[in-house]
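**Q** One file: run.txt (compact mmCIF, C-alpha atoms).
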```
# COMPACT_ATOMS: atom_id res chain seq x y z
CA MET A 1 -22.56 -9.53 -23.63
CA SER A 2 -19.33 -7.65 -23.29
CA ASP A 3 -19.64 -4.87 -25.75
CA THR A 4 -17.28 -1.98 -25.80
CA VAL A 5 -18.11 1.62 -26.38
CA ARG A 6 -15.44 4.20 -26.66
CA TRP A 7 -15.81 7.89 -26.98
CA ASN A 8 -13.77 11.00 -26.87
CA THR A 9 -15.87 13.83 -25.62
CA GLY A 10 -16.85 16.24 -28.32
CA GLN A 11 -15.79 13.91 -31.05
CA PRO A 12 -17.74 10.69 -31.43
CA ARG A 13 -15.69 7.58 -31.80
CA ARG A 14 -16.44 4.38 -33.59
CA GLN A 15 -18.13 1.57 -31.78
CA GLU A 16 -15.80 -1.19 -30.81
CA SER A 17 -16.62 -4.74 -31.78
CA ALA A 18 -19.70 -5.80 -29.89
CA GLY A 19 -20.51 -9.18 -28.45
CA ASN A 20 -18.67 -11.28 -25.95
CA ASP A 21 -16.40 -12.99 -28.43
CA GLY A 22 -15.30 -9.70 -29.84
CA ALA A 23 -14.04 -8.59 -26.45
CA ASN A 24 -10.44 -7.52 -26.40
CA LEU A 25 -8.14 -10.47 -25.76
CA ALA A 26 -6.11 -8.51 -23.25
CA ASP A 27 -9.28 -7.76 -21.28
CA ILE A 28 -10.28 -11.42 -21.34
CA LEU A 29 -6.86 -12.67 -20.30
CA GLU A 30 -6.65 -10.11 -17.57
CA ARG A 31 -9.85 -11.52 -16.12
CA VAL A 32 -9.64 -15.25 -16.71
CA LEU A 33 -5.99 -15.49 -15.70
CA ASP A 34 -5.68 -12.97 -12.92
CA LYS A 35 -9.22 -12.89 -11.57
CA GLY A 36 -12.02 -15.35 -11.02
CA ILE A 37 -12.24 -17.49 -7.93
CA VAL A 38 -9.07 -19.49 -7.45
CA ILE A 39 -9.62 -23.06 -6.33
CA ALA A 40 -6.83 -25.56 -6.14
CA GLY A 41 -7.77 -28.10 -8.77
CA ASP A 42 -6.50 -31.65 -8.77
CA ILE A 43 -4.18 -30.65 -11.52
CA GLN A 44 -2.20 -27.77 -10.22
CA VAL A 45 -0.86 -24.99 -12.26
CA ASN A 46 1.68 -22.92 -10.48
CA LEU A 47 0.18 -19.48 -10.05
CA LEU A 48 3.63 -17.98 -9.91
CA ASP A 49 4.14 -19.22 -13.42
CA ILE A 50 0.90 -17.62 -14.46
CA GLU A 51 2.03 -14.36 -12.95
CA LEU A 52 5.23 -14.56 -14.97
CA LEU A 53 3.19 -15.52 -17.94
CA THR A 54 1.06 -12.43 -17.77
CA ILE A 55 4.19 -10.35 -17.99
CA LYS A 56 5.14 -12.26 -21.07
CA ILE A 57 1.66 -11.78 -22.46
CA ARG A 58 1.92 -8.08 -21.90
CA LEU A 59 4.81 -8.10 -24.30
CA VAL A 60 3.47 -10.31 -27.03
CA VAL A 61 -0.30 -10.43 -27.02
CA ALA A 62 -0.51 -7.69 -29.59
CA SER A 63 1.23 -9.99 -32.06
CA VAL A 64 -1.44 -12.66 -31.74
CA ASP A 65 -4.38 -10.34 -31.82
CA ARG A 66 -3.10 -8.43 -34.76
CA ALA A 67 -1.04 -11.00 -36.56
CA LYS A 68 -3.27 -10.94 -39.61
CA GLU A 69 -3.47 -7.24 -40.09
CA MET A 70 0.06 -6.47 -39.05
CA GLY A 71 2.05 -9.42 -40.33
CA ILE A 72 5.26 -10.64 -38.82
CA ASP A 73 6.83 -7.20 -38.66
CA TRP A 74 4.39 -6.00 -36.03
CA TRP A 75 7.16 -4.75 -33.75
CA GLU A 76 8.40 -2.42 -36.46
CA ARG A 77 4.99 -0.84 -36.54
CA ASP A 78 4.75 -0.80 -32.81
CA PRO A 79 4.10 2.85 -32.12
CA THR A 80 6.37 2.81 -29.09
CA LEU A 81 9.23 1.98 -31.40
CA SER A 82 8.48 3.38 -34.81
CA ALA A 83 6.79 6.67 -34.04
CA GLY A 84 9.60 7.71 -31.75
CA ARG A 85 12.20 6.56 -34.20
CA GLN A 86 10.85 8.70 -36.98
CA GLU A 87 10.81 11.64 -34.64
CA LEU A 88 14.42 11.01 -33.70
CA GLU A 89 15.45 10.72 -37.31
CA ASP A 90 13.80 14.02 -38.09
CA GLU A 91 15.56 15.64 -35.20
CA ASN A 92 18.90 14.18 -36.14
CA ASP A 93 18.51 15.52 -39.67
CA GLU A 94 17.64 18.89 -38.32
CA LEU A 95 20.60 18.86 -35.93
CA ARG A 96 23.00 17.78 -38.66
CA SER A 97 22.00 20.69 -40.81
CA ARG A 98 22.43 23.02 -37.89
CA ILE A 99 25.86 21.62 -37.12
CA ALA A 100 26.85 22.13 -40.73
CA ALA A 101 25.63 25.72 -40.60
CA LEU A 102 27.53 26.37 -37.38
CA GLU A 103 30.68 24.88 -38.80
CA ALA A 104 30.38 26.98 -41.89
CA VAL A 105 30.10 30.09 -39.76
CA MET A 106 33.08 29.06 -37.68
CA ALA A 107 35.21 28.23 -40.70
CA ARG A 108 34.57 31.68 -42.14
CA ASN A 109 35.18 33.35 -38.86
CA PRO A 110 37.93 31.80 -36.66
CA GLU A 111 37.57 34.47 -33.93
CA LEU A 112 34.07 33.28 -33.31
CA ALA A 113 35.44 29.86 -32.47
CA GLU A 114 37.80 31.48 -29.98
CA ASN A 115 34.92 33.35 -28.35
CA VAL A 116 32.95 30.23 -28.04
CA GLU A 117 35.82 28.62 -26.22
CA GLU A 118 36.18 31.40 -23.73
CA ASP A 119 32.59 30.90 -22.66
CA ALA A 120 33.04 27.22 -22.17
CA GLU A 121 33.78 26.06 -18.66
CA GLU A 122 36.09 23.31 -19.79
CA PRO A 123 38.02 24.81 -22.65
CA ASP A 124 40.72 22.14 -22.67
CA ALA A 125 38.55 19.43 -24.13
CA GLU A 126 37.12 21.67 -26.80
CA GLU A 127 40.43 23.16 -27.93
CA SER A 128 41.14 20.78 -30.75
CA ASP A 129 37.49 20.48 -31.74
CA ALA A 130 37.07 24.16 -32.31
CA GLU A 131 40.20 24.46 -34.35
CA GLU A 132 39.44 21.57 -36.60
CA PRO A 133 35.82 21.79 -37.47
CA ASP A 134 36.22 19.20 -40.22
CA ALA A 135 37.22 16.53 -37.76
CA GLU A 136 34.00 16.93 -35.87
CA GLU A 137 31.67 15.74 -38.51
CA PRO A 138 32.29 12.01 -38.18
CA ASP A 139 32.28 12.33 -34.40
CA ALA A 140 29.00 14.09 -34.36
CA GLU A 141 27.30 11.86 -36.88
CA GLU A 142 28.39 8.37 -36.11
CA PRO A 143 26.99 8.13 -32.61
CA ASP A 144 23.72 9.57 -33.92
CA ALA A 145 22.99 6.46 -35.86
CA GLU A 146 23.08 4.24 -32.79
CA GLU A 147 21.81 6.48 -30.09
CA PRO A 148 18.09 6.29 -30.70
CA ASP A 149 17.98 2.58 -29.94
CA ALA A 150 20.32 2.57 -27.03
CA GLU A 151 18.85 5.60 -25.39
CA ALA A 152 15.25 4.83 -25.98
CA THR A 153 15.58 1.56 -24.18
CA ASP A 154 18.01 2.03 -21.36
CA GLU A 155 19.04 5.59 -20.83
CA PRO A 156 17.47 6.53 -17.52
CA GLY A 157 19.65 9.56 -16.92
CA ASP A 158 19.04 13.01 -18.22
CA ALA A 159 22.37 14.74 -18.69
CA ASP A 160 21.21 18.22 -17.94
CA GLU A 161 24.12 20.42 -18.93
CA PRO A 162 23.17 23.09 -21.38
CA ASP A 163 26.32 25.10 -20.50
CA GLY A 164 29.55 24.81 -22.42
CA ALA A 165 28.89 26.33 -25.80
CA GLY A 166 31.63 24.19 -27.29
CA GLN A 167 29.46 21.17 -26.62
CA ASP A 168 26.44 22.46 -28.45
CA GLU A 169 26.97 20.00 -31.25
CA ALA A 170 27.03 17.00 -28.99
CA VAL A 171 24.45 17.90 -26.38
CA PRO A 172 21.40 18.49 -28.54
CA ALA A 173 22.07 15.24 -30.34
CA GLU A 174 21.58 13.45 -27.05
CA ARG A 175 18.57 15.37 -25.86
CA PRO A 176 15.73 13.83 -27.82
CA ALA A 177 15.77 10.39 -26.25
CA PRO A 178 15.52 11.44 -22.60
CA ARG A 179 12.78 13.88 -23.48
CA ARG A 180 10.82 11.26 -25.37
CA ARG A 181 11.30 8.75 -22.64
CA LYS A 182 9.98 11.09 -20.02
CA SER A 183 6.86 11.74 -21.96
CA ARG A 184 6.13 8.04 -22.07
CA GLU A 185 6.87 7.16 -18.52
CA ARG A 186 3.95 6.35 -16.38
CA MET B 1 -21.75 -37.78 -19.25
CA SER B 2 -19.46 -40.72 -18.83
CA VAL B 3 -16.17 -40.41 -17.04
CA VAL B 4 -13.26 -42.10 -18.72
CA THR B 5 -9.98 -42.58 -16.94
CA ASP B 6 -8.01 -40.67 -19.53
CA SER B 7 -10.29 -37.65 -19.21
CA VAL B 8 -10.41 -34.91 -16.62
CA SER B 9 -13.00 -32.28 -15.70
CA TYR B 10 -12.38 -28.68 -16.60
CA VAL B 11 -14.55 -26.31 -14.52
CA TYR B 12 -15.51 -22.88 -15.83
CA ALA B 13 -17.77 -21.56 -13.15
CA VAL B 14 -20.18 -22.42 -10.40
CA GLY B 15 -23.77 -21.25 -10.68
CA ARG B 16 -27.21 -21.46 -9.23
CA GLU B 17 -30.38 -22.39 -11.06
CA VAL B 18 -28.57 -22.77 -14.36
CA PRO B 19 -31.28 -23.41 -16.99
CA VAL B 20 -30.76 -26.79 -18.60
CA GLY B 21 -31.24 -25.43 -22.10
CA SER B 22 -28.55 -22.78 -21.71
CA LEU B 23 -25.83 -25.37 -22.23
CA ASP B 24 -27.18 -26.74 -25.48
CA ASP B 25 -24.93 -26.17 -28.47
CA LEU B 26 -22.37 -24.52 -26.22
CA THR B 27 -18.77 -25.26 -27.11
CA GLY B 28 -16.11 -24.93 -24.45
CA VAL B 29 -12.36 -25.43 -24.25
CA ALA B 30 -10.75 -27.97 -26.55
CA GLY B 31 -13.95 -27.85 -28.62
CA ARG B 32 -15.80 -29.87 -25.98
CA GLU B 33 -19.44 -29.61 -24.97
CA VAL B 34 -20.40 -28.17 -21.62
CA ALA B 35 -22.43 -29.92 -18.95
CA ALA B 36 -23.75 -29.00 -15.52
CA VAL B 37 -22.54 -31.10 -12.61
CA ALA B 38 -24.99 -30.63 -9.74
CA GLY B 39 -24.27 -30.80 -6.03
CA SER B 40 -25.22 -28.98 -2.84
CA GLY B 41 -27.85 -26.95 -4.67
CA LEU B 42 -25.22 -25.60 -7.04
CA GLN B 43 -24.12 -26.44 -10.54
CA ALA B 44 -20.58 -26.51 -11.85
CA LEU B 45 -20.13 -25.87 -15.56
CA VAL B 46 -17.83 -28.61 -16.71
CA SER B 47 -16.22 -29.94 -19.87
CA THR B 48 -14.65 -33.35 -20.02
CA VAL B 49 -11.26 -32.82 -21.63
CA PRO B 50 -8.44 -35.20 -22.56
CA LEU B 51 -5.96 -35.76 -19.75
CA GLU B 52 -3.12 -35.73 -22.23
CA ASP B 53 -3.82 -32.08 -22.96
CA PHE B 54 -4.51 -31.08 -19.37
CA SER B 55 -1.98 -32.93 -17.27
CA GLY B 56 0.10 -30.69 -15.04
CA GLU B 57 3.16 -30.78 -17.24
CA LYS B 58 1.25 -30.39 -20.43
CA LEU B 59 -0.83 -27.57 -19.04
CA GLU B 60 2.18 -25.56 -17.95
CA GLU B 61 3.73 -26.09 -21.34
CA ARG B 62 0.57 -25.09 -23.17
CA LEU B 63 -0.01 -22.01 -21.09
CA GLN B 64 3.21 -20.75 -22.60
CA ASP B 65 1.78 -21.25 -26.06
CA LEU B 66 0.07 -18.01 -26.77
CA THR B 67 -2.15 -19.32 -29.54
CA TRP B 68 -3.45 -22.11 -27.33
CA LEU B 69 -3.80 -19.74 -24.41
CA ALA B 70 -5.77 -17.23 -26.45
CA GLU B 71 -8.14 -19.89 -27.79
CA THR B 72 -8.64 -21.43 -24.38
CA ALA B 73 -9.17 -18.08 -22.68
CA ARG B 74 -11.75 -17.10 -25.28
CA ALA B 75 -13.51 -20.45 -24.96
CA HIS B 76 -13.54 -20.15 -21.18
CA HIS B 77 -14.90 -16.64 -21.40
CA HIS B 78 -17.47 -17.64 -23.99
CA VAL B 79 -18.97 -20.30 -21.69
CA VAL B 80 -18.98 -18.02 -18.65
CA ASP B 81 -20.41 -15.11 -20.59
CA THR B 82 -23.13 -17.11 -22.35
CA VAL B 83 -24.41 -18.98 -19.32
CA GLY B 84 -23.98 -15.89 -17.17
CA ARG B 85 -26.77 -14.17 -19.07
CA ALA B 86 -29.25 -16.75 -17.83
CA ALA B 87 -28.02 -17.50 -14.32
CA ALA B 88 -25.96 -16.17 -11.45
CA LEU B 89 -22.39 -17.40 -11.85
CA VAL B 90 -19.13 -17.30 -10.01
CA PRO B 91 -16.36 -17.66 -12.60
CA LEU B 92 -13.31 -19.73 -11.76
CA ALA B 93 -9.81 -18.93 -12.88
CA LEU B 94 -8.66 -20.39 -16.19
CA ALA B 95 -7.54 -24.02 -16.12
CA THR B 96 -9.18 -25.24 -12.94
CA VAL B 97 -9.13 -28.98 -13.52
CA PHE B 98 -10.30 -31.96 -11.43
CA TYR B 99 -9.81 -35.69 -11.98
CA ASP B 100 -13.47 -36.42 -12.51
CA GLU B 101 -17.01 -35.29 -11.86
CA ALA B 102 -17.08 -36.94 -8.45
CA ARG B 103 -14.25 -34.67 -7.41
CA VAL B 104 -16.17 -31.67 -8.76
CA ARG B 105 -19.20 -32.64 -6.65
CA ALA B 106 -16.96 -33.03 -3.62
CA VAL B 107 -15.62 -29.52 -4.13
CA LEU B 108 -19.15 -28.12 -4.51
CA GLU B 109 -19.94 -29.64 -1.14
CA GLU B 110 -16.72 -28.60 0.57
CA ARG B 111 -16.90 -25.03 -0.57
CA GLY B 112 -20.64 -24.70 -1.02
CA ALA B 113 -20.98 -21.98 1.61
CA GLU B 114 -18.27 -19.90 -0.03
CA PHE B 115 -19.86 -20.25 -3.47
CA THR B 116 -23.28 -19.41 -2.11
CA ARG B 117 -21.96 -16.27 -0.43
CA ALA B 118 -20.30 -15.15 -3.64
CA LEU B 119 -23.42 -15.90 -5.67
CA ASP B 120 -25.58 -13.92 -3.24
CA ASP B 121 -23.16 -11.06 -3.58
CA LEU B 122 -22.88 -11.08 -7.36
CA ASP B 123 -26.44 -11.99 -8.32
CA GLY B 124 -28.02 -9.20 -10.31
CA ARG B 125 -24.73 -7.39 -10.65
CA ALA B 126 -22.35 -6.92 -13.54
CA GLU B 127 -18.82 -5.73 -13.97
CA PHE B 128 -17.91 -2.83 -16.22
CA GLY B 129 -14.46 -1.69 -17.19
CA VAL B 130 -13.34 1.89 -17.70
CA LYS B 131 -10.10 2.60 -19.46
CA VAL B 132 -8.70 6.06 -19.90
CA TYR B 133 -6.01 6.95 -22.41
CA LEU B 134 -3.97 10.07 -22.84
CA PRO B 135 -4.18 10.77 -26.59
CA THR B 136 -0.78 10.95 -28.25
CA GLY B 137 -1.49 14.38 -29.68
CA ALA B 138 -2.07 15.74 -26.20
CA ALA B 139 1.58 15.31 -25.30
CA PRO B 140 3.24 18.40 -26.79
CA GLY B 141 6.67 18.45 -28.30
CA ALA B 142 5.98 17.45 -31.88
CA GLY B 143 5.06 20.94 -32.98
CA GLU B 144 8.32 22.42 -31.78
CA LYS B 145 10.53 21.83 -34.76
CA GLY B 146 10.55 23.90 -37.87
CA THR B 147 11.26 27.06 -35.93
CA ALA B 148 14.62 25.72 -34.84
CA GLU B 149 16.51 26.38 -38.03
CA LYS B 150 16.04 30.06 -38.45
CA GLY B 151 18.92 32.30 -37.51
CA THR B 152 21.66 29.70 -37.74
CA GLY B 153 23.29 31.49 -40.64
CA GLU B 154 23.74 34.69 -38.67
CA LYS B 155 27.07 35.50 -37.18
CA GLY B 156 27.03 34.43 -33.53
CA ALA B 157 23.42 33.40 -33.72
CA GLY B 158 24.24 29.69 -33.64
CA ARG B 159 25.09 29.78 -29.98
CA THR B 160 21.89 31.54 -29.03
CA THR B 161 19.88 29.10 -31.05
CA GLY B 162 21.54 26.16 -29.34
CA THR B 163 20.68 27.53 -25.92
CA GLU B 164 17.20 28.34 -27.07
CA TYR B 165 16.88 24.88 -28.49
CA LEU B 166 17.71 23.32 -25.15
CA ARG B 167 15.36 25.67 -23.38
CA ARG B 168 12.55 24.68 -25.74
CA ARG B 169 13.42 21.04 -25.24
CA ARG B 170 13.09 21.40 -21.50
CA ALA B 171 9.82 23.25 -21.97
CA ALA B 172 8.53 20.38 -24.13
CA VAL B 173 9.51 17.85 -21.49
CA GLY B 174 7.73 19.92 -18.90
CA ALA B 175 4.62 20.19 -21.05
CA ALA B 176 4.53 16.44 -21.66
CA GLU B 177 4.87 15.81 -17.95
CA ARG B 178 2.12 18.26 -17.21
CA ALA B 179 -0.15 16.63 -19.79
CA MET B 180 0.49 13.22 -18.23
CA ARG B 181 -0.03 14.50 -14.73
CA SER B 182 -3.25 16.19 -15.74
CA ALA B 183 -4.44 13.01 -17.50
CA ARG B 184 -3.73 11.01 -14.34
CA GLU B 185 -5.70 13.48 -12.29
CA SER B 186 -8.60 13.25 -14.75
CA ALA B 187 -8.40 9.47 -14.52
CA ASP B 188 -8.43 9.57 -10.72
CA ALA B 189 -11.44 11.87 -10.75
CA LEU B 190 -13.29 9.67 -13.22
CA HIS B 191 -12.45 6.59 -11.15
CA ASP B 192 -13.91 8.32 -8.09
CA VAL B 193 -17.14 9.10 -9.91
CA ALA B 194 -17.40 5.58 -11.36
CA SER B 195 -16.66 4.05 -7.93
CA GLU B 196 -19.20 6.27 -6.25
CA ALA B 197 -21.92 5.05 -8.60
CA ALA B 198 -20.84 1.42 -8.26
CA VAL B 199 -21.20 -1.22 -5.56
CA ARG B 200 -17.46 -1.87 -5.49
CA SER B 201 -14.48 -0.99 -7.60
CA ARG B 202 -10.87 -1.84 -8.13
CA ARG B 203 -8.09 -0.66 -10.35
CA HIS B 204 -6.22 -3.11 -12.51
CA ARG B 205 -2.73 -2.49 -13.76
CA VAL B 206 -2.67 -0.30 -16.81
CA HIS B 207 -1.75 -2.06 -20.04
CA ASP B 208 1.48 -1.30 -21.79
CA THR B 209 1.22 0.19 -25.27
CA ALA B 210 2.83 -3.01 -26.58
CA LEU B 211 -0.22 -4.83 -25.28
CA THR B 212 -2.90 -2.40 -26.38
CA GLY B 213 -1.34 -1.79 -29.78
CA ARG B 214 -2.27 1.85 -29.39
CA THR B 215 -0.04 4.88 -29.41
CA ASP B 216 -1.82 6.55 -26.54
CA GLN B 217 -0.88 5.78 -22.98
CA MET B 218 -3.38 4.08 -20.70
CA VAL B 219 -3.76 5.94 -17.43
CA LEU B 220 -6.73 4.10 -15.91
CA ASN B 221 -7.84 0.48 -16.07
CA GLY B 222 -10.68 0.29 -13.59
CA ALA B 223 -13.30 -2.38 -12.88
CA TYR B 224 -16.67 -1.56 -11.35
CA LEU B 225 -19.33 -3.83 -9.89
CA VAL B 226 -22.70 -2.38 -10.77
CA ASP B 227 -26.29 -3.43 -10.05
CA ARG B 228 -27.65 -4.46 -13.43
CA ALA B 229 -30.83 -2.53 -12.81
CA ARG B 230 -28.79 0.61 -12.32
CA SER B 231 -26.20 0.13 -15.05
CA GLY B 232 -27.80 2.84 -17.19
CA GLU B 233 -27.42 5.32 -14.37
CA TRP B 234 -23.85 4.26 -13.83
CA ARG B 235 -23.01 4.72 -17.50
CA ALA B 236 -24.65 8.12 -17.54
CA ALA B 237 -22.65 9.21 -14.49
CA VAL B 238 -19.39 8.09 -16.09
CA ASP B 239 -20.39 9.71 -19.35
CA ARG B 240 -21.07 13.04 -17.68
CA ALA B 241 -17.80 12.95 -15.79
CA ALA B 242 -15.61 11.93 -18.74
CA PRO B 243 -13.06 14.69 -19.19
CA GLY B 244 -12.49 16.08 -22.66
CA GLU B 245 -8.72 15.82 -22.96
CA VAL B 246 -8.58 12.04 -22.56
CA THR B 247 -10.10 9.10 -24.40
CA VAL B 248 -12.49 7.02 -22.33
CA GLU B 249 -13.41 3.45 -23.16
CA ILE B 250 -16.08 1.44 -21.38
CA THR B 251 -16.20 -2.37 -21.56
CA GLY B 252 -18.91 -4.66 -20.28
CA PRO B 253 -21.14 -5.82 -18.92
CA TRP B 254 -18.85 -8.64 -17.83
CA ILE B 255 -19.61 -11.49 -15.50
CA PRO B 256 -17.96 -10.04 -12.38
CA TYR B 257 -14.60 -11.79 -12.62
CA SER B 258 -12.88 -9.01 -10.74
CA PHE B 259 -15.20 -9.19 -7.76
CA VAL B 260 -15.58 -12.85 -6.91
CA ASN B 261 -13.49 -12.40 -3.83
CA GLY B 262 -15.83 -10.12 -1.94
CA GLU B 263 -13.22 -8.47 0.24
CA ASP B 264 -11.35 -7.02 -2.73
CA GLY B 265 -11.69 -3.36 -3.50
```
Rewrite the structure of this file - the entire thing - as structure tokens.
**A**
Amino acid sequence: MSDTVRWNTGQPRRQESAGNDGANLADILERVLDKGIVIAGDIQVNLLDIELLTIKIRLVVASVDRAKEMGIDWWERDPTLSAGRQELEDENDELRSRIAALEAVMARNPELAENVEEDAEEPDAEESDAEEPDAEEPDAEEPDAEEPDAEATDEPGDADEPDGAGQDEAVPAERPAPRRRKSRER
Amino acid sequence: MSVVTDSVSYVYAVGREVPVGSLDDLTGVAGREVAAVAGSGLQALVSTVPLEDFSGEKLEERLQDLTWLAETARAHHHVVDTVGRAAALVPLALATVFYDEARVRAVLEERGAEFTRALDDLDGRAEFGVKVYLPTGAAPGAGEKGTAEKGTGEKGAGRTTGTEYLRRRRAAVGAAERAMRSARESADALHDVASEAAVRSRRHRVHDTALTGRTDQMVLNGAYLVDRARSGEWRAAVDRAAPGEVTVEITGPWIPYSFVNGEDG
């Protein structure tokens, strides 16, 4: 009885599984757990627990429904994790190559490094960086490897400081996660 | 149906004029058959289930077991959905359990007026769901790279590119926010149209992408109580109003789980 039809205007979509038993598990749980007339039975189930439970379900139901097609590594294929991760990796690669190019330019042309510093608002911190471009590489790369995870999950802030040319290497490397996060927030 | 002391009565729903034959060959929770327990002019759909699986402690424990929960929820829904095609029903929440059938009859009597009101309200009506998603491709930002590398080899150009890069990044963030805002507005507008054409409506919480298993973000999860006779009209109205930039999904007809408490929505 509960059939599902989905469409995207202009571009016909496939029919979802029809029939009551094919109804989406999340839709069923949403109704049979949260809705329906609530009568205190003789055997009481704490509704607070059910409320907590639904939160838990929100996190794991996909694994049950899709266990067969997705296998035990479902979370790795979870689009909220994997799609963004690939994007971040691409961006990190791109940024690394740009850092290398910048460093090459600076190494060939020391005055340019000086100019960059004069523009910076906090030249003291950048002094050693600019003069030793080689030393920057590990600094710039190592945090990259860990940042996607940390930032994607719990970086609420959005360090908005495009100024300070000397920081160009570091700042773009941190940009992707806040941007991605914003686009996913509801 | 005999009542044994180590069994309890699981109630799915309360109905009116439930055809006797509609329960034949129907399998409910725990693989049990379903029977009608009559009282006060109403019928409760009941399965006799083992106490050992449905005692308070056991039940709380099992509700944490997702496999068991999924099976039980589907079985519960299956009974409600099947019988609901043939009779007016008020579905009860999952895992409403009484000691025996006598207790079920007592509850039918105690709360008969309430059930009757709800049945009067829901008879001839069905629930539909409308979910709206913002397609992943609609959130810009992905197409930005590729242009970022040019000019980095030029003397002094690196700095400009870095600033430009940040500017583009901010623009992408802005575009994604605008796409989301616009999708929410579309969803609100669609909800208004769907509500207008319905008897009652309510909005459920949107599902997380971890739950839907989809990459696109849900922006509307609405439920609509619709006269069955007019469900075609309702669908057509929603169809006409469905905006192009979002994906719209309609579910139903459902037995009106979301509207059993008349004052809601």
**Q** Just give me the gap between atom CA of Ala86 of chain B and atom CA of Ala194 of chain B in Å, one decimal is fine.
**A**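 Between these atoms lies a distance of 26.1 Å.
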**Q** Taking 3 positions as the minimum chain separation for residues in the same chain, which residues sit within 10 Å of Arg184 of chain B when counting all atoms listed in the file? Answer as a PyMOL selection string.
**A** (chain A and resi 186) or (chain B and resi 132-134+178-181+187-190+218-220+246)
**Q** Between A:Ala107, A:Ile99, A:Ile37, A:Ala23, which one has atoms that come closest to chain B, using only C-alpha atoms?
**A**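 Smallest distance to chain B is found for A:Ile37.
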**Q** Using only C-alpha atoms, which residue out of B:Ala30, B:Val11, B:Ala197, B:Val18 lies closest to chain A?
**A**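 Of B:Ala30, B:Val11, B:Ala197, B:Val18, the one nearest chain A, counting only C-alpha atoms, is B:Val11.
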**Q** Do a neighbour search on Ala38 of chain B at 9 Å with all atoms listed in the file, toss out local chain neighbours closer than 3 positions, and write the hits as a PyMOL selection string.
**A** chain B and resi 41-45+104-105+108
**Q** Can you write just those residues out, C-alpha atoms, as an mmCIF file, keeping the file's coordinate frame?
**A**
```
data_model
loop_
_atom_site.group_PDB
_atom_site.id
_atom_site.type_symbol
_atom_site.label_atom_id
_atom_site.label_comp_id
_atom_site.auth_asym_id
_atom_site.auth_seq_id
_atom_site.Cartn_x
_atom_site.Cartn_y
_atom_site.Cartn_z
ATOM 1 C CA GLY B 41 -27.850 -26.950 -4.670
ATOM 2 C CA LEU B 42 -25.220 -25.600 -7.040
ATOM 3 C CA GLN B 43 -24.120 -26.440 -10.540
ATOM 4 C CA ALA B 44 -20.580 -26.510 -11.850
ATOM 5 C CA LEU B 45 -20.130 -25.870 -15.560
ATOM 6 C CA VAL B 104 -16.170 -31.670 -8.760
ATOM 7 C CA ARG B 105 -19.200 -32.640 -6.650
ATOM 8 C CA LEU B 108 -19.150 -28.120 -4.510
#
```
**Q** Could you jot down the atom CA of Ser195 of chain B to atom CA of Leu29 of chain A separation for me, Å, one decimal place?
**A**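 Computing the Euclidean distance for atom CA of Ser195 of chain B and atom CA of Leu29 of chain A yields 23.0 Å.
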**Q** As a list in words, please: the residues near segment 109-111 of chain B (cut-off 10 Å, only C-alpha atoms, same-chain neighbours under 2 positions excluded).
**A** Ile39 of chain A; Gly39, Ser40, Gly41, Leu42, Arg103, Val104, Arg105, Ala106, Val107, Ala113, Glu114, Phe115 and Thr116 of chain B
**Q** Using the selection just defined, write its residues with C-alpha atoms as a JSON list (two decimals), keeping the file's coordinate frame.
**A**
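Writing the result to result37.json gives the following:
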```json
[["chain", "number", "residue", "atom", "x", "y", "z"],
["A", 39, "ILE", "CA", -9.62, -23.06, -6.33],
["B", 39, "GLY", "CA", -24.27, -30.80, -6.03],
["B", 40, "SER", "CA", -25.22, -28.98, -2.84],
["B", 41, "GLY", "CA", -27.85, -26.95, -4.67],
["B", 42, "LEU", "CA", -25.22, -25.60, -7.04],
["B", 103, "ARG", "CA", -14.25, -34.67, -7.41],
["B", 104, "VAL", "CA", -16.17, -31.67, -8.76],
["B", 105, "ARG", "CA", -19.20, -32.64, -6.65],
["B", 106, "ALA", "CA", -16.96, -33.03, -3.62],
["B", 107, "VAL", "CA", -15.62, -29.52, -4.13],
["B", 113, "ALA", "CA", -20.98, -21.98, 1.61],
["B", 114, "GLU", "CA", -18.27, -19.90, -0.03],
["B", 115, "PHE", "CA", -19.86, -20.25, -3.47],
["B", 116, "THR", "CA", -23.28, -19.41, -2.11]]
```
**Q** So what do you get for atom CA of Lys35 of chain A versus atom CA of Pro256 of chain B, distance-wise?
**A** 9.2 Å
